[in-house]
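target.pdb (PDB, C-alpha atoms)
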ATOM      1  CA  MET D   1       0.000   0.000   0.000  1.00  0.00           C
ATOM      2  CA  ILE D   2       1.361   3.407  -0.990  1.00  0.00           C
ATOM      3  CA  GLU D   3       0.057   6.600   0.572  1.00  0.00           C
ATOM      4  CA  LEU D   4       0.206   9.846  -1.425  1.00  0.00           C
ATOM      5  CA  THR D   5      -0.953  13.406  -0.966  1.00  0.00           C
ATOM      6  CA  VAL D   6      -2.584  14.443  -4.218  1.00  0.00           C
ATOM      7  CA  ASN D   7      -4.292  17.812  -4.604  1.00  0.00           C
ATOM      8  CA  GLY D   8      -4.347  18.216  -0.835  1.00  0.00           C
ATOM      9  CA  ALA D   9      -6.035  14.885  -0.117  1.00  0.00           C
ATOM     10  CA  THR D  10      -4.564  11.610   1.077  1.00  0.00           C
ATOM     11  CA  ALA D  11      -4.827   8.730  -1.360  1.00  0.00           C
ATOM     12  CA  ARG D  12      -3.934   5.107  -0.743  1.00  0.00           C
ATOM     13  CA  VAL D  13      -3.194   2.854  -3.680  1.00  0.00           C
ATOM     14  CA  GLU D  14      -2.261  -0.784  -3.962  1.00  0.00           C
ATOM     15  CA  VAL D  15       0.333  -0.731  -6.740  1.00  0.00           C
ATOM     16  CA  ASP D  16       3.882  -1.804  -7.437  1.00  0.00           C
ATOM     17  CA  PRO D  17       6.191   1.032  -6.235  1.00  0.00           C
ATOM     18  CA  ALA D  18       7.828   1.018  -9.687  1.00  0.00           C
ATOM     19  CA  THR D  19       4.554   2.022 -11.351  1.00  0.00           C
ATOM     20  CA  PRO D  20       4.858   5.434 -13.005  1.00  0.00           C
ATOM     21  CA  LEU D  21       3.008   8.176 -11.139  1.00  0.00           C
ATOM     22  CA  LEU D  22       1.090   8.980 -14.342  1.00  0.00           C
ATOM     23  CA  TYR D  23      -0.565   5.545 -14.335  1.00  0.00           C
ATOM     24  CA  VAL D  24      -1.554   5.858 -10.693  1.00  0.00           C
ATOM     25  CA  LEU D  25      -3.055   9.301 -11.270  1.00  0.00           C
ATOM     26  CA  ARG D  26      -5.034   8.213 -14.309  1.00  0.00           C
ATOM     27  CA  ASP D  27      -5.884   4.580 -13.579  1.00  0.00           C
ATOM     28  CA  ASP D  28      -6.231   4.492  -9.807  1.00  0.00           C
ATOM     29  CA  LEU D  29      -7.219   8.053  -8.867  1.00  0.00           C
ATOM     30  CA  ASN D  30      -9.206   8.937 -12.015  1.00  0.00           C
ATOM     31  CA  LEU D  31      -7.288  12.211 -12.462  1.00  0.00           C
ATOM     32  CA  LEU D  32      -7.191  12.420 -16.243  1.00  0.00           C
ATOM     33  CA  ALA D  33      -5.683  15.832 -17.007  1.00  0.00           C
ATOM     34  CA  ALA D  34      -2.073  14.613 -17.210  1.00  0.00           C
ATOM     35  CA  LYS D  35      -1.717  12.716 -20.469  1.00  0.00           C
ATOM     36  CA  PHE D  36       0.485   9.935 -21.780  1.00  0.00           C
ATOM     37  CA  GLY D  37       2.422  11.419 -24.666  1.00  0.00           C
ATOM     38  CA  CYS D  38       5.765   9.802 -25.339  1.00  0.00           C
ATOM     39  CA  GLY D  39       6.535   7.847 -22.168  1.00  0.00           C
ATOM     40  CA  LEU D  40      10.112   9.137 -22.375  1.00  0.00           C
ATOM     41  CA  GLY D  41       9.904  12.508 -20.634  1.00  0.00           C
ATOM     42  CA  GLN D  42      10.353  14.345 -23.908  1.00  0.00           C
ATOM     43  CA  CYS D  43       6.954  15.879 -24.620  1.00  0.00           C
ATOM     44  CA  GLY D  44       5.656  17.154 -21.270  1.00  0.00           C
ATOM     45  CA  ALA D  45       2.046  16.014 -21.677  1.00  0.00           C
ATOM     46  CA  CYS D  46       2.331  14.121 -18.374  1.00  0.00           C
ATOM     47  CA  THR D  47       3.742  17.027 -16.339  1.00  0.00           C
ATOM     48  CA  VAL D  48       2.443  17.481 -12.788  1.00  0.00           C
ATOM     49  CA  LEU D  49       3.871  19.269  -9.769  1.00  0.00           C
ATOM     50  CA  VAL D  50       5.678  17.443  -6.992  1.00  0.00           C
ATOM     51  CA  ASP D  51       6.391  19.829  -4.130  1.00  0.00           C
ATOM     52  CA  ASP D  52       5.679  22.708  -6.542  1.00  0.00           C
ATOM     53  CA  ARG D  53       8.260  21.516  -9.095  1.00  0.00           C
ATOM     54  CA  PRO D  54       7.252  20.235 -12.539  1.00  0.00           C
ATOM     55  CA  VAL D  55       8.035  16.564 -13.126  1.00  0.00           C
ATOM     56  CA  PHE D  56       7.393  14.102 -15.929  1.00  0.00           C
ATOM     57  CA  SER D  57       4.963  11.767 -14.206  1.00  0.00           C
ATOM     58  CA  CYS D  58       5.518   9.102 -16.880  1.00  0.00           C
ATOM     59  CA  LEU D  59       9.088   8.673 -15.600  1.00  0.00           C
ATOM     60  CA  LEU D  60       8.627   9.054 -11.841  1.00  0.00           C
ATOM     61  CA  PRO D  61       7.945   5.816  -9.959  1.00  0.00           C
ATOM     62  CA  VAL D  62       5.126   6.302  -7.473  1.00  0.00           C
ATOM     63  CA  GLY D  63       7.303   4.720  -4.790  1.00  0.00           C
ATOM     64  CA  ALA D  64       9.741   7.641  -5.100  1.00  0.00           C
ATOM     65  CA  ILE D  65       7.144  10.245  -4.108  1.00  0.00           C
ATOM     66  CA  GLY D  66       7.382   9.623  -0.377  1.00  0.00           C
ATOM     67  CA  ASP D  67       5.773  12.418   1.621  1.00  0.00           C
ATOM     68  CA  ARG D  68       6.049  15.024  -1.147  1.00  0.00           C
ATOM     69  CA  ALA D  69       2.811  16.678  -2.306  1.00  0.00           C
ATOM     70  CA  VAL D  70       1.532  16.015  -5.817  1.00  0.00           C
ATOM     71  CA  THR D  71      -0.556  18.645  -7.599  1.00  0.00           C
ATOM     72  CA  THR D  72      -2.351  17.994 -10.863  1.00  0.00           C
ATOM     73  CA  VAL D  73      -4.259  20.488 -12.981  1.00  0.00           C
ATOM     74  CA  GLU D  74      -7.450  19.254 -11.309  1.00  0.00           C
ATOM     75  CA  GLY D  75      -6.043  20.629  -8.044  1.00  0.00           C
ATOM     76  CA  LEU D  76      -5.623  24.133  -9.492  1.00  0.00           C
ATOM     77  CA  GLY D  77      -9.259  24.836 -10.321  1.00  0.00           C
ATOM     78  CA  SER D  78     -12.268  23.554 -12.205  1.00  0.00           C
ATOM     79  CA  ALA D  79     -14.256  24.389 -15.326  1.00  0.00           C
ATOM     80  CA  GLN D  80     -16.654  26.355 -13.117  1.00  0.00           C
ATOM     81  CA  ALA D  81     -13.915  28.082 -11.099  1.00  0.00           C
ATOM     82  CA  PRO D  82     -10.604  28.012 -12.978  1.00  0.00           C
ATOM     83  CA  GLY D  83      -7.421  29.012 -11.202  1.00  0.00           C
ATOM     84  CA  ASP D  84      -5.606  32.121 -12.397  1.00  0.00           C
ATOM     85  CA  VAL D  85      -3.203  30.192 -14.633  1.00  0.00           C
ATOM     86  CA  GLN D  86      -6.060  28.195 -16.135  1.00  0.00           C
ATOM     87  CA  GLN D  87      -8.023  31.422 -16.644  1.00  0.00           C
ATOM     88  CA  ALA D  88      -5.066  33.042 -18.410  1.00  0.00           C
ATOM     89  CA  PHE D  89      -4.797  30.060 -20.778  1.00  0.00           C
ATOM     90  CA  LEU D  90      -8.513  30.399 -21.542  1.00  0.00           C
ATOM     91  CA  GLN D  91      -8.266  34.152 -22.113  1.00  0.00           C
ATOM     92  CA  GLU D  92      -5.337  33.729 -24.497  1.00  0.00           C
ATOM     93  CA  GLN D  93      -7.028  30.785 -26.265  1.00  0.00           C
ATOM     94  CA  ALA D  94      -3.782  28.900 -25.717  1.00  0.00           C
ATOM     95  CA  GLY D  95      -5.196  25.436 -26.313  1.00  0.00           C
ATOM     96  CA  GLN D  96      -5.924  24.185 -29.775  1.00  0.00           C
ATOM     97  CA  CYS D  97      -6.218  20.413 -29.482  1.00  0.00           C
ATOM     98  CA  GLY D  98      -5.595  20.756 -25.735  1.00  0.00           C
ATOM     99  CA  TYR D  99      -3.476  17.648 -25.300  1.00  0.00           C
ATOM    100  CA  CYS D 100      -0.380  19.499 -24.054  1.00  0.00           C
ATOM    101  CA  ILE D 101      -2.230  22.157 -22.070  1.00  0.00           C
ATOM    102  CA  PRO D 102      -2.432  20.402 -18.664  1.00  0.00           C
ATOM    103  CA  GLY D 103       1.337  19.914 -18.736  1.00  0.00           C
ATOM    104  CA  MET D 104       1.854  23.499 -19.869  1.00  0.00           C
ATOM    105  CA  ILE D 105      -0.393  24.781 -17.078  1.00  0.00           C
ATOM    106  CA  ALA D 106       1.514  22.686 -14.533  1.00  0.00           C
ATOM    107  CA  ARG D 107       4.826  24.109 -15.792  1.00  0.00           C
ATOM    108  CA  ALA D 108       3.493  27.683 -15.655  1.00  0.00           C
ATOM    109  CA  GLU D 109       2.091  27.114 -12.157  1.00  0.00           C
ATOM    110  CA  GLY D 110       5.412  25.721 -10.970  1.00  0.00           C
ATOM    111  CA  LEU D 111       7.259  28.741 -12.326  1.00  0.00           C
ATOM    112  CA  LEU D 112       4.843  31.228 -10.779  1.00  0.00           C
ATOM    113  CA  ARG D 113       4.967  29.476  -7.413  1.00  0.00           C
ATOM    114  CA  ARG D 114       8.701  30.167  -7.401  1.00  0.00           C
ATOM    115  CA  THR D 115       8.465  33.754  -8.665  1.00  0.00           C
ATOM    116  CA  ILE D 116       5.674  36.020  -9.900  1.00  0.00           C
ATOM    117  CA  THR D 117       8.237  38.165 -11.711  1.00  0.00           C
ATOM    118  CA  PRO D 118      10.246  35.820 -13.916  1.00  0.00           C
ATOM    119  CA  THR D 119      12.409  37.111 -16.705  1.00  0.00           C
ATOM    120  CA  GLU D 120      11.460  36.306 -20.278  1.00  0.00           C
ATOM    121  CA  GLU D 121      14.377  33.847 -20.354  1.00  0.00           C
ATOM    122  CA  GLU D 122      13.233  32.133 -17.134  1.00  0.00           C
ATOM    123  CA  MET D 123       9.685  31.855 -18.475  1.00  0.00           C
ATOM    124  CA  ARG D 124      10.798  30.379 -21.787  1.00  0.00           C
ATOM    125  CA  ALA D 125      13.202  27.971 -20.052  1.00  0.00           C
ATOM    126  CA  ALA D 126      10.464  26.818 -17.665  1.00  0.00           C
ATOM    127  CA  MET D 127       8.078  26.117 -20.537  1.00  0.00           C
ATOM    128  CA  ALA D 128      10.624  24.616 -22.973  1.00  0.00           C
ATOM    129  CA  PRO D 129      10.421  20.968 -21.813  1.00  0.00           C
ATOM    130  CA  SER D 130       6.773  20.794 -22.921  1.00  0.00           C
ATOM    131  CA  LEU D 131       5.900  20.531 -26.595  1.00  0.00           C
ATOM    132  CA  CYS D 132       2.813  21.817 -28.362  1.00  0.00           C
ATOM    133  CA  ARG D 133       2.411  20.034 -31.652  1.00  0.00           C
ATOM    134  CA  CYS D 134      -0.324  22.470 -32.720  1.00  0.00           C
ATOM    135  CA  GLY D 135       2.120  25.365 -32.561  1.00  0.00           C
ATOM    136  CA  THR D 136       0.338  27.576 -30.023  1.00  0.00           C
ATOM    137  CA  HIS D 137       3.569  28.396 -28.175  1.00  0.00           C
ATOM    138  CA  VAL D 138       3.102  32.145 -28.690  1.00  0.00           C
ATOM    139  CA  ARG D 139      -0.350  32.005 -27.045  1.00  0.00           C
ATOM    140  CA  ILE D 140       0.981  29.793 -24.270  1.00  0.00           C
ATOM    141  CA  LEU D 141       3.735  32.313 -23.494  1.00  0.00           C
ATOM    142  CA  ARG D 142       1.140  35.111 -23.515  1.00  0.00           C
ATOM    143  CA  ALA D 143      -0.923  33.101 -21.031  1.00  0.00           C
ATOM    144  CA  VAL D 144       2.048  32.714 -18.683  1.00  0.00           C
ATOM    145  CA  ARG D 145       2.665  36.472 -18.853  1.00  0.00           C
ATOM    146  CA  ARG D 146      -1.031  37.129 -18.155  1.00  0.00           C
ATOM    147  CA  ALA D 147      -1.039  34.748 -15.179  1.00  0.00           C
ATOM    148  CA  ALA D 148       2.047  36.459 -13.746  1.00  0.00           C
ATOM    149  CA  VAL D 149       0.261  39.823 -13.984  1.00  0.00           C
ATOM    150  CA  ALA D 150      -2.864  38.316 -12.390  1.00  0.00           C
ATOM    151  CA  ARG D 151      -0.725  37.316  -9.406  1.00  0.00           C
ATOM    152  CA  GLY D 152       0.576  40.838  -9.026  1.00  0.00           C
ATOM    153  CA  GLY D 153       3.832  40.343 -10.891  1.00  0.00           C
ATOM    154  CA  GLY D 154       4.716  40.070 -14.520  1.00  0.00           C
ATOM    155  CA  VAL D 155       7.504  39.016 -16.824  1.00  0.00           C
ATOM    156  CA  VAL D 156      10.046  41.743 -16.080  1.00  0.00           C
ATOM    157  CA  ASP D 157      11.498  42.000 -19.586  1.00  0.00           C
ATOM    158  CA  ALA D 158       8.465  40.686 -21.494  1.00  0.00           C
ATOM    159  CA  ALA D 159       8.853  40.256 -25.234  1.00  0.00           C
ATOM    160  CA  GLU D 160       5.343  41.674 -25.540  1.00  0.00           C
ATOM    161  CA  PRO D 161       3.001  43.382 -23.085  1.00  0.00           C
ATOM    162  CA  VAL D 162      -0.091  41.785 -21.608  1.00  0.00           C
ATOM    163  CA  ALA D 163      -3.133  43.360 -23.241  1.00  0.00           C
TER     164      ALA D 163
END
Kindly transcribe the structure held in the file into structure tokens.
Amino acid sequence: MIELTVNGATARVEVDPATPLLYVLRDDLNLLAAKFGCGLGQCGACTVLVDDRPVFSCLLPVGAIGDRAVTTVEGLGSAQAPGDVQQAFLQEQAGQCGYCIPGMIARAEGLLRRTITPTEEEMRAAMAPSLCRCGTHVRILRAVRRAAVARGGGVVDAAEPVA
């Protein structure tokens, strides 16, 4: 039996400790936002936060979580009450197919939990490990800038202003 804290709640799962966190989230806890993309930690579709840091959940064995807190996009808000990062992604129409967006939101949230005034370089570096095959990177970056402003900060040397 493995005990996890996911989105602020305790969850107990009966799985092999080597099972990737992604499978536990999706198959055992019915948290479906994080997606299976490549299974190699190269696309970012599976990104969640572990102690406020983005991780590829397809690569992280659930047994390695220990007492660290896991946050998925479901823990950041809902369709009825989206969190500020989710709201910024909606306002910027950052999702086209939407497959990468939960991972992108998790990456943006992780960045903004560390600083609400990142530099443009820090923002781009934080988002770089996640791929958007639809090519909405410009909108995604705008959404991160908008979310930073919503939190009372902003991207200090933004390539473009938040409208």
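The gap separating atom CA of Glu121 of chain D from atom CA of Arg145 of chain D is 12.1 Å, in Å to one decimal.
The residue that comes closest to Ser57 of chain D, out of D:Gln87, D:Thr115, D:Thr19, D:Thr5 and on the basis of only C-alpha atoms, is D:Thr19.
Nearest-residue note for Ala9 of chain D: choosing from D:Met123, D:Leu29, D:Val55, D:Cys100, the minimum distance belongs to D:Leu29, counting all atoms listed in the file.
Among D:Val155, D:Val15, D:Cys46, D:Leu31, the residue with the shortest atom-to-atom distance to Arg107 of chain D, counting all atoms listed in the file, is D:Cys46.
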Worksheet item: Care to translate the PyMOL selection byres ((chain D and resi 62-76) around 10) into actual residues of this file, as a count of residues only?
Response: 58
Worksheet entry | Within 8 Å of Val162 of chain D using only C-alpha atoms, minus same-chain residues under 3 positions, as a ChimeraX atom specification | /D:142,145-146,149
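As for atom CA of Ile116 of chain D and atom CA of Phe36 of chain D, they are spaced 29.1 Å apart.
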